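Just below is one structure, and these are the notes that go with it.
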Amino acid sequence: MLRLLLIHPSPDKNRFGSKRRTRSSMAQLNLPLLAAYVDRDFEVRLIDENIEDIDFDTNADLVGITTMTSTAFRGYQIADEFRKRGCHVVMGGIHVSMFPEEAGKHTDTVVIGEAEISWPRFLKDFKEGRPKKIYKEESFHNLAGLPNPRRDLLRPGGYTMANVVMTARGCPHNCAFCSVTSFWGGKIRTRPVEDVIDEVKQLKGNFIQFVDDNIYGNRRHAQELFEAMIPLKKTFGAQGDITIVRHPELLKLAVRAGLRWLLIGIESPSSENLAQVGKSWNKRNLEFEESLDILHKSGISILGSFIFGLDNDDETAFDLTVDFAIKNKIEVANFYILTPFPGTKLHGKYKEEGRLLTESWDMYDCNHVVIRHPKLSSEQIIRGYIHAYRRFNSLGSIYKRIIRPRKRLWELLSLNVGRNLRCSVFEEGVRMETNRMAVKTPASS
């Protein structure tokens, strides 16, 4: 039997520092899905380096590594180590698909684009002793008949949300900072609802996390999905844009189906910043504050996503953003530093303007400053970023945003207090990585 090891690399901040992560918020679907295509000729093991270490001396005939831009260099390190030991290494994922020649220097085989078709062909060729250097599909998968991911390969207890489900791929918005459209395509492709429901029925527990970039991007599909979810009596979280408030019947149906958490890319309270990244439509619905109020009154909790380092930002941007989030009682917020990922409009723009400080991919994790800002120094952005995280997750902020008569109060309190307690660990990770990279790539900055 051939031994296959599938690896999800981790950025350094999750492995080093005073507290190495041993638990992650959300399981990744890509490797469990690929594992579902593997036949009985392989013994399969999966390692998520975010929560466990890699034993490079483990016995493996074939090692598969998936990468994002922020984990590309770590993925190459892992590939080099296993190739030294005589393992055949195959790499795929969004970054490898953008830079196959770069990846090809570290791996025996590169899979470009979606792997549902090319991965089984590669496995067949590998068993027959004739694997190719490159596998690439010119068309997208129609998402019908996908196997259920091998969640049994995930580390037990390693994830707060292990019940992750995909119902669609692609996004028509093509926001300037996002690489979803360039990788998954500009048209939303949907899985048959009966396939999704069959997968959901097999999951233990009552909470599901849908990982689509916009759960109601195709409203007809969303309506069919929500109607099918109602009899299951599950609750779920999802990602979507603010435009759902323009469709009150769909919003009501989503709540009946179990929608309790909605991740929204708010990005910035500044209209100028929203225009820069191609999200002016965020302001064209109702006033944003009114839209958020409608969602809250529907019983939906908001996970708001915000970006610092957009061109219109100055030193006031950090407090203005936190003020906005507190005023609108955003239950949980993720803050990021603007990162122009390869394949995005912003990456091409900043490269042409000579504003990229580095293309050391380790730094492209939304925790580092990788562009030259017109108004702020890199240190000002880092300092403001940490300040925003600490202030939003302070006890005073939690009181203003959370403490009111409501359902799920203890759930919301535990999430926020947990982030409050992790403020020092967060700052340590940001500072450690920033200082390490400053030494590693002095010529780039």
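Ligands are numbered from 1 in the order shown, chains are lettered A, B, ... in the order of the structure tokens, and residues start at 1 in each chain.
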
Excluding Glu49 of chain A and any residue of its chain fewer than 5 positions from it, enumerate the residues within 8 Å of it, using only C-alpha atoms, and give them as a PyMOL selection string. chain A and resi 7-10+15+54

Generate a file of the selected residues that holds C-alpha atoms, formatted as a PDB file, in the first residue's frame.
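And here's part_27.pdb as it stands now:
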ATOM      1  CA  ILE A   7      -0.040  18.764   4.370  1.00  0.00           C
ATOM      2  CA  HIS A   8      -1.538  22.188   5.006  1.00  0.00           C
ATOM      3  CA  PRO A   9       1.465  24.450   5.836  1.00  0.00           C
ATOM      4  CA  SER A  10       1.263  27.071   8.544  1.00  0.00           C
ATOM      5  CA  ARG A  15       4.148  27.636  15.174  1.00  0.00           C
ATOM      6  CA  ILE A  54       5.363  17.698  10.966  1.00  0.00           C
TER       7      ILE A  54
END

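Around Gly343 of chain A, within 10 Å and counting only C-alpha atoms, the residues found are Ile94, His95, Met98, Phe99, Ala176, Phe177, Cys178, Ser179, Val180, Thr181, Ser182, Phe183, Pro340, Leu346, His347 and Gly348 of chain A, once anything fewer than 3 positions away on its own chain is removed.
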
Spatial neighbours of segment 376-392 of chain A, max dist 7 Å, only C-alpha atoms, sep filter under 2 positions, as a PyMOL selection string: chain A and resi 309+314+318-319+322+335+369+373-374+394+397+423+427

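Among the candidates A:Ile215, A:Ala168, A:Leu29, A:Ile300, the one nearest to Lys407 of chain A when counting only C-alpha atoms is A:Ile300.
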
So that I can check the surroundings of Asp213 of chain A, please list as an MDAnalysis selection string every protein, DNA and RNA residue that reaches within 10 Å of it, counting only C-alpha atoms and ignoring chain neighbours fewer than 4 positions away. chainID A and resid 166:171 180 188 217 238:241 263:264
